[in-house]
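Have a look at data-v2.cif; it's mmCIF, C-alpha atoms:
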data_final
loop_
_atom_site.label_atom_id
_atom_site.label_comp_id
_atom_site.auth_asym_id
_atom_site.auth_seq_id
_atom_site.Cartn_x
_atom_site.Cartn_y
_atom_site.Cartn_z
CA MET A 1115 -52.12 5.75 49.01
CA SER A 1116 -48.53 4.45 49.15
CA ALA A 1117 -49.58 1.44 47.08
CA ILE A 1118 -50.99 3.77 44.41
CA LEU A 1119 -47.72 5.75 44.33
CA ARG A 1120 -45.66 2.58 44.00
CA SER A 1121 -47.87 1.47 41.12
CA ALA A 1122 -47.48 4.83 39.43
CA ARG A 1123 -43.69 4.64 39.70
CA THR A 1124 -43.77 1.24 38.02
CA VAL A 1125 -46.11 2.21 35.19
CA LEU A 1126 -44.71 5.70 34.45
CA PRO A 1127 -41.37 4.62 32.91
CA PHE A 1128 -43.19 2.14 30.69
CA LEU A 1129 -45.59 4.85 29.47
CA LEU A 1130 -42.69 7.23 28.77
CA PHE A 1131 -40.96 4.51 26.74
CA LEU A 1132 -44.09 3.97 24.64
CA ILE A 1133 -44.49 7.71 24.04
CA CYS A 1134 -40.85 8.15 22.97
CA PHE A 1135 -40.89 5.07 20.79
CA GLY A 1136 -44.08 6.20 19.09
CA CYS A 1137 -42.50 9.57 18.21
CA VAL A 1138 -39.53 8.10 16.29
CA ASP A 1139 -40.02 8.09 12.54
CA GLU A 1140 -37.84 5.94 10.31
CA VAL A 1141 -35.43 8.04 8.26
CA GLN A 1142 -34.95 6.84 4.71
CA LEU A 1143 -31.50 7.99 3.57
CA PRO A 1144 -31.02 8.10 -0.19
CA ALA A 1145 -28.56 5.63 -1.64
CA ARG A 1146 -25.43 7.29 -2.98
CA SER A 1147 -23.95 5.97 -6.16
CA VAL A 1148 -21.23 6.91 -8.60
CA GLU A 1149 -20.33 5.61 -12.03
CA SER A 1150 -17.03 4.01 -12.88
CA ARG A 1151 -14.10 6.43 -13.32
CA LEU A 1152 -10.57 6.20 -14.66
CA VAL A 1153 -7.81 5.90 -12.04
CA VAL A 1154 -4.22 6.78 -12.95
CA GLU A 1155 -1.05 6.00 -10.97
CA GLY A 1156 2.30 6.76 -12.56
CA LEU A 1157 5.70 8.32 -11.98
CA VAL A 1158 8.71 9.39 -14.03
CA THR A 1159 11.98 9.74 -12.11
CA ASN A 1160 15.60 10.58 -12.79
CA GLU A 1161 16.43 6.90 -12.32
CA LYS A 1162 16.86 4.54 -15.23
CA PRO A 1163 13.66 2.97 -16.65
CA PRO A 1164 11.47 1.00 -16.61
CA TYR A 1165 8.66 3.28 -15.50
CA THR A 1166 5.15 2.04 -14.87
CA VAL A 1167 1.70 3.53 -15.21
CA LYS A 1168 -1.23 1.74 -13.59
CA LEU A 1169 -4.64 2.25 -15.23
CA THR A 1170 -7.88 1.01 -13.72
CA PHE A 1171 -11.55 1.83 -13.61
CA THR A 1172 -13.36 2.09 -10.32
CA GLY A 1173 -16.19 -0.40 -10.03
CA GLU A 1174 -19.66 1.13 -9.92
CA TYR A 1175 -20.27 2.06 -6.29
CA ASN A 1176 -23.48 2.22 -4.33
CA SER A 1177 -23.59 3.18 -0.64
CA LEU A 1178 -26.03 0.35 0.07
CA ILE A 1179 -24.58 -2.29 -2.24
CA TYR A 1180 -20.83 -2.23 -2.82
CA GLY A 1181 -19.71 -2.64 -6.39
CA GLN A 1182 -16.68 -4.23 -7.96
CA ALA A 1183 -13.13 -3.43 -6.97
CA GLU A 1184 -10.75 -1.83 -9.45
CA ILE A 1185 -11.02 -3.05 -13.04
CA PRO A 1186 -7.90 -3.09 -15.28
CA VAL A 1187 -7.98 -0.85 -18.34
CA ASN A 1188 -7.31 -3.21 -21.23
CA GLY A 1189 -6.01 -2.12 -24.63
CA ALA A 1190 -5.26 1.55 -23.96
CA ASP A 1191 -2.74 3.53 -26.00
CA VAL A 1192 -0.35 5.12 -23.47
CA SER A 1193 2.60 7.46 -23.97
CA ILE A 1194 4.85 9.81 -21.99
CA THR A 1195 6.17 13.04 -23.50
CA GLU A 1196 9.06 15.17 -22.35
CA ILE A 1197 7.79 18.68 -23.08
CA GLY A 1198 9.90 20.04 -25.93
CA GLY A 1199 11.45 16.60 -26.45
CA ARG A 1200 10.64 12.99 -27.19
CA THR A 1201 7.51 10.90 -26.82
CA VAL A 1202 7.77 7.23 -25.84
CA LYS A 1203 5.14 4.49 -25.93
CA LEU A 1204 4.26 2.17 -23.06
CA VAL A 1205 3.54 -1.56 -23.37
CA GLN A 1206 0.74 -3.32 -21.51
CA ASP A 1207 1.76 -6.14 -19.18
CA ALA A 1208 0.34 -9.43 -20.41
CA LEU A 1209 0.03 -10.96 -16.92
CA THR A 1210 -1.11 -7.90 -14.95
CA PRO A 1211 -3.03 -5.88 -17.54
CA ALA A 1212 -3.56 -2.86 -15.29
CA TYR A 1213 0.15 -2.04 -15.66
CA TYR A 1214 1.76 -0.34 -18.65
CA TRP A 1215 5.56 -0.31 -18.90
CA MET A 1216 8.07 2.07 -20.48
CA TYR A 1217 11.24 0.10 -21.23
CA ASP A 1218 13.20 2.54 -23.45
CA SER A 1219 16.58 2.80 -21.68
CA THR A 1220 17.47 5.97 -23.62
CA PHE A 1221 14.55 7.88 -22.08
CA THR A 1222 15.31 9.01 -18.53
CA GLY A 1223 13.70 11.78 -16.53
CA LYS A 1224 15.82 14.91 -16.12
CA THR A 1225 15.60 17.61 -13.47
CA GLY A 1226 14.24 20.86 -14.88
CA LYS A 1227 12.20 19.06 -17.55
CA SER A 1228 8.43 18.56 -17.55
CA TYR A 1229 6.58 15.35 -18.40
CA GLN A 1230 3.07 14.65 -19.63
CA LEU A 1231 1.07 11.44 -19.80
CA LYS A 1232 -1.41 10.71 -22.61
CA ILE A 1233 -3.97 7.90 -22.50
CA THR A 1234 -6.33 6.94 -25.29
CA LEU A 1235 -8.93 4.46 -24.07
CA PRO A 1236 -10.31 1.69 -26.31
CA GLY A 1237 -13.55 3.65 -26.75
CA GLY A 1238 -11.64 6.64 -28.12
CA ALA A 1239 -11.71 8.97 -25.10
CA THR A 1240 -8.33 10.63 -24.54
CA TYR A 1241 -6.95 11.80 -21.20
CA ILE A 1242 -3.85 13.92 -20.62
CA SER A 1243 -2.03 15.00 -17.49
CA GLU A 1244 -0.92 18.50 -16.67
CA PRO A 1245 2.82 18.86 -17.44
CA GLU A 1246 4.70 17.87 -14.29
CA LEU A 1247 8.07 19.50 -13.55
CA LEU A 1248 10.81 17.18 -12.31
CA ASN A 1249 12.37 19.09 -9.41
CA PRO A 1250 15.74 18.22 -7.84
CA VAL A 1251 15.84 16.62 -4.40
CA ALA A 1252 18.32 16.86 -1.52
CA GLU A 1253 20.53 13.89 -0.75
CA ILE A 1254 19.72 11.68 2.22
CA ASP A 1255 22.46 12.19 4.81
CA ARG A 1256 21.83 8.95 6.67
CA ILE A 1257 19.23 6.41 7.73
CA TYR A 1258 19.39 4.48 10.98
CA ALA A 1259 17.32 2.21 13.21
CA GLU A 1260 16.29 2.27 16.85
CA TYR A 1261 14.77 -0.72 18.64
CA ARG A 1262 11.29 -0.35 20.12
CA GLN A 1263 9.60 -2.90 22.37
CA ARG A 1264 5.91 -3.53 21.92
CA ASP A 1265 3.26 -2.53 24.41
CA ASP A 1266 2.84 -5.64 26.57
CA ALA A 1267 -0.93 -5.24 26.32
CA LYS A 1268 -0.75 -5.66 22.52
CA ILE A 1269 0.29 -9.29 22.22
CA ASP A 1270 -0.63 -9.41 18.52
CA GLU A 1271 2.02 -6.79 17.67
CA PRO A 1272 5.76 -7.56 17.55
CA ASP A 1273 8.68 -5.44 18.65
CA HIS A 1274 10.05 -3.33 15.82
CA TYR A 1275 12.89 -1.18 14.57
CA GLU A 1276 11.95 2.44 13.96
CA ILE A 1277 13.65 3.58 10.75
CA LEU A 1278 14.72 7.23 10.89
CA LEU A 1279 16.20 9.65 8.35
CA ASP A 1280 18.34 12.80 8.39
CA THR A 1281 18.57 15.20 5.44
CA LYS A 1282 19.23 18.90 4.78
CA ASP A 1283 16.67 21.15 3.13
CA PRO A 1284 18.14 23.59 0.55
CA ALA A 1285 18.08 27.34 1.22
CA THR A 1286 15.61 27.91 -1.62
CA GLN A 1287 11.95 27.95 -0.62
CA GLY A 1288 9.21 25.79 -2.07
CA ASN A 1289 10.68 22.31 -1.61
CA TYR A 1290 8.27 19.44 -1.12
CA TYR A 1291 9.18 15.90 -0.12
CA ARG A 1292 7.69 12.43 -0.14
CA TRP A 1293 9.28 9.40 1.52
CA SER A 1294 8.75 5.70 1.12
CA GLY A 1295 10.49 2.67 2.54
CA TYR A 1296 10.50 -1.08 2.04
CA GLY A 1297 12.56 -4.00 3.17
CA TYR A 1298 12.82 -7.70 3.96
CA VAL A 1299 12.59 -9.20 7.44
CA PRO A 1300 13.00 -12.78 8.71
CA ARG A 1301 10.01 -14.92 9.63
CA LEU A 1302 9.59 -18.38 11.08
CA SER A 1303 7.05 -21.09 10.29
CA THR A 1304 6.59 -24.71 11.35
CA GLY A 1305 7.90 -25.89 7.96
CA GLU A 1306 6.78 -28.92 5.99
CA PRO A 1307 7.98 -32.55 6.34
CA ILE A 1308 10.66 -33.54 3.81
CA GLY A 1309 12.12 -37.01 4.28
CA MET A 1310 13.34 -37.30 7.85
CA GLY A 1311 13.36 -33.55 8.49
CA TYR A 1312 11.56 -30.30 7.77
CA CYS A 1313 11.95 -27.86 4.90
CA CYS A 1314 11.50 -24.15 4.63
CA LYS A 1315 11.02 -23.06 8.23
CA TRP A 1316 12.75 -19.69 7.70
CA CYS A 1317 12.25 -17.08 5.02
CA TRP A 1318 12.34 -13.35 4.35
CA VAL A 1319 9.15 -11.40 3.73
CA PRO A 1320 8.73 -7.84 2.39
CA VAL A 1321 7.56 -4.97 4.60
CA TYR A 1322 6.51 -1.52 3.43
CA GLY A 1323 6.18 1.98 4.80
CA SER A 1324 3.59 4.58 3.87
CA ARG A 1325 3.37 5.89 0.31
CA SER A 1326 1.93 9.22 1.45
CA ASP A 1327 4.48 10.50 3.96
CA VAL A 1328 4.99 14.08 2.74
CA LEU A 1329 6.43 17.36 4.00
CA SER A 1330 6.58 21.00 2.91
CA ASP A 1331 9.65 23.06 3.83
CA VAL A 1332 7.50 26.02 4.94
CA LEU A 1333 8.58 25.54 8.57
CA VAL A 1334 12.05 24.05 8.00
CA ASN A 1335 13.38 25.98 5.01
CA GLY A 1336 17.16 25.78 4.83
CA ASN A 1337 17.44 23.70 7.99
CA SER A 1338 18.14 20.07 8.79
CA ILE A 1339 15.33 17.54 8.78
CA SER A 1340 16.32 15.20 11.59
CA ARG A 1341 14.94 11.94 12.93
CA ARG A 1342 12.17 11.80 10.36
CA HIS A 1343 10.21 8.59 10.94
CA ILE A 1344 9.97 6.61 7.70
CA MET A 1345 8.64 3.19 8.65
CA ALA A 1346 8.60 0.44 11.24
CA SER A 1347 10.41 -2.81 10.51
CA PRO A 1348 8.67 -5.54 12.56
CA VAL A 1349 10.74 -8.07 14.49
CA TYR A 1350 8.98 -11.41 14.02
CA TYR A 1351 12.15 -13.46 14.52
CA ALA A 1352 15.89 -13.05 15.04
CA GLY A 1353 17.95 -12.18 11.97
CA ARG A 1354 19.01 -9.40 9.65
CA HIS A 1355 16.69 -6.70 8.31
CA TYR A 1356 17.30 -5.25 4.86
CA LEU A 1357 15.80 -1.77 4.35
CA GLU A 1358 15.75 0.82 1.56
CA VAL A 1359 14.49 4.39 2.01
CA ARG A 1360 13.64 6.66 -0.92
CA GLN A 1361 13.29 10.44 -0.81
CA TYR A 1362 11.30 12.06 -3.64
CA SER A 1363 10.91 15.64 -4.81
CA LEU A 1364 7.37 16.90 -5.38
CA THR A 1365 5.67 19.79 -7.11
CA LYS A 1366 3.21 21.78 -5.02
CA PRO A 1367 0.16 20.18 -6.76
CA ALA A 1368 1.61 16.71 -6.14
CA TYR A 1369 2.20 17.57 -2.47
CA GLN A 1370 -1.42 18.74 -2.14
CA PHE A 1371 -2.64 15.50 -3.75
CA TRP A 1372 -0.70 13.33 -1.28
CA VAL A 1373 -1.96 15.39 1.67
CA LYS A 1374 -5.53 14.71 0.54
CA PHE A 1375 -4.68 11.06 -0.04
CA GLU A 1376 -3.40 10.72 3.53
CA GLU A 1377 -6.47 12.49 4.95
CA GLN A 1378 -8.71 10.07 3.08
CA ARG A 1379 -6.68 7.08 4.25
CA LYS A 1380 -7.03 8.07 7.89
CA ARG A 1381 -10.79 8.50 7.79
CA ASN A 1382 -12.70 6.10 10.01
CA GLY A 1383 -15.48 5.97 7.48
CA SER A 1384 -19.15 6.77 7.93
CA LEU A 1385 -22.27 7.15 5.86
CA PHE A 1386 -21.54 10.85 5.37
CA ASP A 1387 -17.87 10.55 4.39
CA PRO A 1388 -16.86 11.29 0.79
CA LEU A 1389 -17.18 8.33 -1.53
CA PRO A 1390 -14.15 6.03 -1.73
CA ALA A 1391 -11.51 6.85 -4.36
CA SER A 1392 -12.73 10.45 -4.60
CA ILE A 1393 -9.30 12.10 -4.84
CA GLU A 1394 -8.97 13.80 -8.20
CA GLY A 1395 -5.50 14.54 -9.50
CA ASN A 1396 -3.86 16.15 -12.51
CA VAL A 1397 -5.31 13.98 -15.32
CA HIS A 1398 -8.33 15.11 -17.34
CA ARG A 1399 -10.12 14.51 -20.62
CA GLU A 1400 -8.29 16.21 -23.46
CA ASP A 1401 -11.52 17.60 -24.91
CA ASP A 1402 -13.05 18.58 -21.55
CA PRO A 1403 -10.78 19.68 -18.66
CA ASN A 1404 -13.74 19.41 -16.27
CA VAL A 1405 -13.81 15.61 -16.62
CA LEU A 1406 -11.12 14.50 -14.20
CA ALA A 1407 -9.59 11.12 -13.58
CA LEU A 1408 -8.66 9.95 -10.10
CA GLY A 1409 -5.06 9.48 -9.03
CA TYR A 1410 -1.93 11.33 -10.11
CA PHE A 1411 0.83 11.23 -12.69
CA GLY A 1412 4.00 12.72 -11.25
CA SER A 1413 7.68 13.26 -11.83
CA SER A 1414 10.32 13.16 -9.11
CA ALA A 1415 14.02 13.13 -8.51
CA VAL A 1416 15.03 10.35 -6.12
CA SER A 1417 17.64 10.03 -3.41
CA LYS A 1418 17.93 6.62 -1.76
CA ARG A 1419 19.91 4.78 0.88
CA ARG A 1420 20.02 1.21 2.10
CA LEU A 1421 20.49 -0.12 5.60
CA THR A 1422 21.24 -3.61 6.87
CA ILE A 1423 20.36 -4.17 10.52
CA PRO A 1424 22.54 -7.03 11.81
CA GLY A 1425 20.09 -8.19 14.47
CA ASP A 1426 23.00 -9.75 16.36
CA THR A 1427 21.68 -8.53 19.71
CA LEU A 1428 18.39 -10.41 19.25
CA ASN A 1429 18.12 -13.77 20.96
CA ALA A 1430 15.87 -16.23 19.10
CA ALA A 1431 15.07 -18.24 22.24
CA ARG A 1432 13.98 -15.13 24.15
CA LEU A 1433 11.79 -14.00 21.26
CA GLU A 1434 10.17 -17.45 21.10
CA ILE A 1435 9.44 -17.28 24.84
CA LYS A 1436 8.14 -13.72 24.56
CA TYR A 1437 5.99 -14.25 21.47
CA GLY A 1438 4.98 -17.89 21.82
CA ASP A 1439 3.53 -19.05 18.51
CA VAL A 1440 1.60 -15.81 17.80
CA PHE A 1441 3.67 -15.03 14.69
CA VAL A 1442 4.44 -18.60 13.60
CA LYS A 1443 2.14 -20.10 10.97
CA ASP A 1444 1.93 -23.74 9.92
CA GLY A 1445 3.53 -24.80 6.67
CA ASN A 1446 6.18 -23.82 4.15
CA CYS A 1447 7.46 -20.37 5.06
CA GLN A 1448 7.72 -19.04 1.51
CA LEU A 1449 4.18 -20.16 0.70
CA ILE A 1450 2.18 -19.14 3.76
CA TYR A 1451 3.58 -15.61 4.04
CA SER A 1452 2.84 -13.19 1.22
CA GLN A 1453 5.80 -12.90 -1.18
CA GLY A 1454 7.99 -14.99 1.13
CA GLN A 1455 11.40 -15.99 -0.25
CA LEU A 1456 13.85 -18.57 1.09
CA ASN A 1457 16.93 -16.39 0.70
CA PRO A 1458 17.59 -12.79 1.71
CA PRO A 1459 17.64 -10.22 -1.13
CA ALA A 1460 20.67 -10.53 -3.40
CA ASN A 1461 23.23 -7.76 -3.88
CA TRP A 1462 22.01 -5.77 -0.89
#

What does this structure look like when you write it as structure tokens?
Amino acid sequence: MSAILRSARTVLPFLLFLICFGCVDEVQLPARSVESRLVVEGLVTNEKPPYTVKLTFTGEYNSLIYGQAEIPVNGADVSITEIGGRTVKLVQDALTPAYYWMYDSTFTGKTGKSYQLKITLPGGATYISEPELLNPVAEIDRIYAEYRQRDDAKIDEPDHYEILLDTKDPATQGNYYRWSGYGYVPRLSTGEPIGMGYCCKWCWVPVYGSRSDVLSDVLVNGNSISRRHIMASPVYYAGRHYLEVRQYSLTKPAYQFWVKFEEQRKRNGSLFDPLPASIEGNVHREDDPNVLALGYFGSSAVSKRRLTIPGDTLNAARLEIKYGDVFVKDGNCQLIYSQGQLNPPANW
């Protein structure tokens, strides 16, 4: 009897597996696809031109077979109008045809004025943006850096400076902000043999913060905005860091666009997520407002500050011991790192 029970215990799990496996039907999910759409990225500020507008088409997308990446819009007729004022034409860049430039030095964005983009595609379709008001922006009080050591478990990440900002929100309600930051940091490579020595072992490479760091003054109206994190400046090697932080004003629609942009950016991605590049903005077909382009054409006032971090407290030998060769690539520094340059930025 015990032998029969032992046999049953052995066979039963196998039978259950067969039953469960036999009950699973294959689910055929439909392929999702979307046709190519116009994507617009552009901004008018109260700073001197040039201004740029980037125009691309999305490649045709299929959820089972990925399509092309962005496709430059070639041969469009592009202009910017100050509502109640002048209209200026943009010129297509010969080397990077997705970009259209406005070079007229007499045309500068002004606070209190509204700006509209108009695009006529080679096929004749015309798109216009909603008029975008250029709001004033508060001045940046200061920017500063604090050193942060990496988590020892994350050996592929360097130490970094955290770049922070202080500013004061005006007493009036309805202020919206966007921040961006960029800079140049030193890097080390093995260099390349030149004669009896080595060339180009050190260079400066650009680093960037988020483009979609935004804030509404709903909770801070009239108060100070303190210790706002703008970006991290990675410490790959000892030396100076050169940083610039920019503070932009936003309209409420622009703020809502950037909030959606950030939500999309942070998605992990799954079969049921919205399709990539699905964020519609304020640009639509002139003859049919229901046909929307992706992206946004905005106008902003800008406040900016620069910061040079001396890096005098960093010891190159200690960093080399701590990092090993994790962040050191073989070859000419300015060639192996993206946009590497032998000298630090001029006139900083």

Task: Selection near Asn1429 in chain A, 7 Å with only C-alpha atoms, sequence-local residues under 3 positions removed, as a PyMOL selection string - done: chain A and resi 1352+1432-1433

Open item on the list: Suppose a student applies the PyMOL selection byres ((chain A and resi 1210-1223) around 8) to this structure; what residues should they get, written as JSON, numbers by chain?
Closed with: {"A": [1158, 1159, 1160, 1161, 1162, 1163, 1164, 1165, 1166, 1167, 1168, 1169, 1170, 1185, 1186, 1187, 1188, 1192, 1202, 1203, 1204, 1205, 1206, 1207, 1208, 1209, 1224, 1225, 1227, 1248, 1413]}

TODO: Tell me which of A:Ala1368, A:Glu1377, A:Tyr1296, A:Gly1238 sits closest to Gly1409 in chain A, counting all atoms listed in the file.
DONE: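 Closest to Gly1409 in chain A of all the choices is A:Ala1368.
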
- [ ] Quick one: pull the distance between CA of Ala1259 in chain A and CA of Arg1420 in chain A, Å, one decimal.
- [x] 11.5 Å

Can you pull out every residue within 8 Å of Ser1338 in chain A, counting only C-alpha atoms, but drop anything in the same chain fewer than 5 positions away, and send it as a PDB file with C-alpha atoms, in the coordinates of the input?
ATOM      1  CA  ASP A1280      18.340  12.800   8.390  1.00  0.00           C
ATOM      2  CA  THR A1281      18.570  15.200   5.440  1.00  0.00           C
ATOM      3  CA  LYS A1282      19.230  18.900   4.780  1.00  0.00           C
ATOM      4  CA  ASP A1283      16.670  21.150   3.130  1.00  0.00           C
TER       5      ASP A1283
END

- [ ] Go ahead and compute the interatomic distance for CA of Trp1318 in chain A and CA of Asp1270 in chain A, in Å to one decimal.
- [x]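 CA of Trp1318 in chain A sits 19.6 Å away from CA of Asp1270 in chain A.
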
TODO: Choose the residue, out of A:Pro1403, A:Pro1307, A:Pro1272, A:Gly1297, that has the smallest atom-to-atom separation from Trp1462 in chain A; count only C-alpha atoms.
DONE: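 Closest to Trp1462 in chain A of all the choices is A:Gly1297.
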
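Closest to Ala1346 in chain A among A:Gly1311, A:Gly1323, A:Gly1445, A:Gly1438 is A:Gly1323, based on only C-alpha atoms.
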
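Take the candidates A:Gly1454, A:Pro1424, A:Gln1361, A:Asp1402 and check each one against Ala1239 in chain A using only C-alpha atoms; the shortest distance goes to A:Asp1402.
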
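We find CA of Ile1254 in chain A and CA of Asp1273 in chain A to be spaced 26.2 Å apart.
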
Open item on the list: Give me the residues near range 1231-1237 of chain A as a list in words, where near means some atom within 9 Å (using only C-alpha atoms) and where sequence neighbours in that chain fewer than 6 positions away do not count.
Closed with: Gly1156, Val1187, Asn1188, Gly1189, Ala1190, Asp1191, Val1192, Ser1193, Ile1194, Thr1195, Ser1243, Glu1244, Pro1245, Val1397, Glu1400 and Phe1411 of chain A

Task: Selection result of the PyMOL selection byres ((chain A and resi 1326-1329) around 9) on this file, as an MDAnalysis selection string - done: chainID A and resid 1289:1294 1323:1325 1330:1332 1344 1364 1369 1372:1373 1375:1376

Task: Which of A:Gly1305, A:Pro1300, A:Pro1250, A:Gly1198 sits closest to Asp1444 in chain A [using all atoms listed in the file] - done: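 Looking at the shortest contact to Asp1444 in chain A, the residue is A:Gly1305.
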
- [ ] Would you mind listing what lies within 12 Å of Asn1457 in chain A as a PyMOL selection string, with all atoms listed in the file counted and same-chain residues fewer than 4 positions away left out?
- [x] chain A and resi 1298-1301+1314-1320+1354+1356+1447-1448+1453+1461-1462

- [ ] Measuring atom to atom with all atoms listed in the file, identify which of A:Val1154, A:Ala1415, A:Val1321, A:Ala1285 is nearest to Ser1363 in chain A.
- [x] A:Ala1415

- [ ] Specify as JSON, numbers by chain each residue included when the PyMOL selection byres ((chain A and resi 1393) around 12) is applied to this file.
- [x] {"A": [1151, 1152, 1153, 1154, 1155, 1368, 1370, 1371, 1372, 1373, 1374, 1375, 1376, 1377, 1378, 1379, 1388, 1389, 1390, 1391, 1392, 1394, 1395, 1396, 1397, 1406, 1407, 1408, 1409, 1410]}

- [ ] Within 10 Å of Phe1441 in chain A, counting only C-alpha atoms, which residues show up once you throw out same-chain ones fewer than 5 positions away? Write them as a PyMOL selection string, please.
- [x] chain A and resi 1270-1272+1301-1303+1349-1351+1434

Give, as lines of an AutoDock Vina configuration file, the centre coordinates and the x, y and z edge lengths in Å to one decimal for an axis-aligned box around all listed atoms of range 1179-1198 of chain A, padded by 5 Å on each side.
center_x = -7.3
center_y = 7.9
center_z = -14.1
size_x = 44.5
size_y = 34.3
size_z = 33.8
